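Undergrad: Here it is, the structure, as structure tokens.
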Amino acid sequence: MSHDSTAAPDAAARKLSGRRRKEIVAVLLFSGGPIFESSIPLSVFGIDRQDAGVPRYRLLVAGGEEGPLRTTGGLELTAPYGLEAISRAGTVVVPAWRSITSPPPEEALDALRRAHEEGARIVGLCTGAFVLAAAGLLDGRPATTHWMYAPTLAKRYPSVHVDPRELFVDDGDVLTSAGTAAGIDLCLHIVRTDHGNEAAGALARRLVVPPRRSGGQERYLDRSLPEEIGADPLAEVVAWALEHLHEQFDVETLAARAYMSRRTFDRRFRSLTGSAPLQWLITQRVLQAQRLLETSDYSVDEVAGRCGFRSPVALRGHFRRQLGSSPAAYRAAYRARRPQSDRPGDSDGTGGTTSPQVPQEAAPLPMHTRRTAAASALGPSASVSTDNGKHVPELYAAGRGGLPGQRSAH
């Protein structure tokens with residue numbers, strides 16, 4: 001479930017300064033921000049829906065820098081307020097930041113720090129988490145952001161406890177969300193926290209979205225290595241690991257190949273990727289198992305051996321933990337939604353039968369695949385209907401579009 005404020009009672013109890021008002025929400029916009037994320041808090045907090053039973057907020061749209069502000073797509077916006085508007089808000093929302101590698105304006109960071117010190121609730125949607133981190137508001141706290149940017153957030157701000165699996169994280173007076181639509185989930189959570197389930201449900205109906213979504217970002221999670229690893233000595237070790245997944249080796253083997261102690265290797269690997277090397281290696285093996293289940297007729301036992309698992313039981317355990325399904329059910333779901341002629345061992349369309357497809361690992365993986373092979377899916381499964389009416393799990397697989405799989409707060 002999404003991390004909520006029950007884990008941070010001290011932060012949640014912070015008193016709001018007398019000059020700030022709980023019902024006032026300031027949205028801090030910057031030039032270069034994506035229009036979708038920027039519009040989410042404007043729609044949730046800026047429209048009067050009292051006729052539907054949704055309590056009213058007062059919205060102040062503030063420019064975080066000199067305008068006009070240019071959004072993605074070239075639109076120009078003029079914010080009606082400047083940074084001074086933040087001094088009145090009980091909630092300050094940063095819906096996005098234009099670059100995960102460049103620092104936000106110091107004046108805006110100072111305004112956020114003052115707001116937090118005076119008890120305001122600070123919210124970062126998607127890349128807005130980078131602004132909160134730059135202000136030091138996420139130090140020592142759990143946080144999330146879009147899964148694609150989570151490794152960079154973890155690397156740039158090592159004191160932040162980044163969890164890329166969550167839809168949103170509520171740490172009391174500081175809240176963060178994953179990308180795009182997850183911003184709606186967090187805004188609904190704020191309304192639910194302020195005014196209860198009925199109000200949040202009424203707003204969700206108006207927005208035509210579910211009041212709570214189950215799951216998290218896992219289905220979409222891509223554990224690719226950051227581009228900057230290409231110039232690091234670990235790149236060669238990672239490439240070797242991806243080429244030898246069919247062999248049984250452990251993290252100690254990788255550390256030895258890097259001429260490092262296990263502790264040093266773990267630290268260097270985590271600093272570069274935001275992920276522990278053991279979890280990364282397991283993810284690679286599960287991903288390779290996905291490929292073989294899709295492209296060959298090997299039995300599950302054979303797949304386990306060809307992916308470096310010590311036993312079929314180990315494969316099944318890791319596969320289910322990461323994908324929420326057994327290998328056999330995954331293969332059935334994959335084949336159920338593929339054309340008959342595309343399946344391994346199926347008819348070739350001439351009355352004959354094709355031979356089993358050559359497994360993916362028969363040839364070296366392309367470099368692009370090596371560098372992005374850590375893509376994985378982790379959440380519970382949805383389902384699809386087969387021709388005979390039976391339901392089988394529908395799971396995200398690397399290289400194909402993901403399915404909804406998010407986490408809800410309780």
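By convention in this document, the chains of the structure tokens carry letters A, B, ... by their order, each chain's residues are numbered from 1, and ligands are numbered from 1 in the order they are shown.
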Counting only C-alpha atoms, what is within 9 Å of segment 248-252 of chain A, bar same-chain residues fewer than 5 positions away, as a PyMOL selection string?
TA: chain A and resi 241+257+261-262+265-266+277-278+281+305+307-310
Undergrad: Quick one: everything within 10 Å of Thr72 of chain A, counting only C-alpha atoms, minus sequence neighbours fewer than 5 positions away in the same chain. Send it as a ChimeraX atom specification.
TA: /A:31-36,98
Undergrad: Just want the 12 Å neighbourhood of Phe269 of chain A, counted on only C-alpha atoms, with same-chain residues fewer than 5 positions away dropped. Output as a list of chain:residue names.
TA: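 Close residues of Phe269 of chain A: A:Pro151, A:Lys155, A:Leu225, A:Pro226, A:Ile229, A:Asp232, A:Pro233, A:Leu234, A:Ala235, A:Val237, A:Val238, A:Val251, A:Leu254, A:Ala255, A:Ala258, A:Met260, A:Ser261, A:Arg262, A:Arg263, A:Thr264, A:Gly274, A:Ser275, A:Ala276, A:Pro277, A:Leu278, A:Gln279, A:Trp280, A:Leu281.
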Undergrad: For Glu198 of chain A, which residue among A:Ala181, A:Arg113, A:Pro41, A:Gly53 is the nearest when counting only C-alpha atoms?
TA: A:Gly53
Undergrad: As JSON, numbers by chain, which residues of segment 91-315 of chain A does DSSP assign to helix (DSSP H, G or I)?
TA: {"A": [106, 107, 108, 109, 110, 111, 112, 113, 114, 115, 116, 117, 128, 129, 130, 131, 132, 133, 134, 150, 151, 152, 153, 154, 155, 156, 182, 183, 184, 185, 186, 187, 188, 189, 190, 191, 192, 193, 194, 195, 197, 198, 199, 200, 201, 202, 203, 204, 205, 206, 207, 218, 219, 220, 227, 228, 229, 230, 231, 234, 235, 236, 237, 238, 239, 240, 241, 242, 243, 251, 252, 253, 254, 255, 256, 257, 262, 263, 264, 265, 266, 267, 268, 269, 270, 271, 272, 273, 277, 278, 279, 280, 281, 282, 283, 284, 285, 286, 287, 288, 289, 290, 291, 292, 293, 294, 295, 300, 301, 302, 303, 304, 305, 306, 312, 313, 314, 315]}
Undergrad: Using only C-alpha atoms for the distances, tell me which of A:Arg58, A:Arg192, A:Arg270, A:His161 is nearest to Thr145 of chain A.
TA: A:His161
Undergrad: If you measure from atom CA of Ile100 of chain A to atom CA of Val209 of chain A, what distance in Å do you get, rounded to one decimal?
TA: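 Between atom CA of Ile100 of chain A and atom CA of Val209 of chain A the gap is 28.7 Å.
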Undergrad: Taking into account only C-alpha atoms, which residue in the set A:Cys126, A:Ala135, A:Ala85, A:Ala143 is nearest to Ala182 of chain A?
TA: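 The answer is A:Cys126, which sits nearest to Ala182 of chain A.
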Undergrad: With only C-alpha atoms as the atoms that count, which of A:Leu315, A:Leu323, A:Ala111, A:Val54 lies nearest to Leu28 of chain A?
TA: A:Ala111
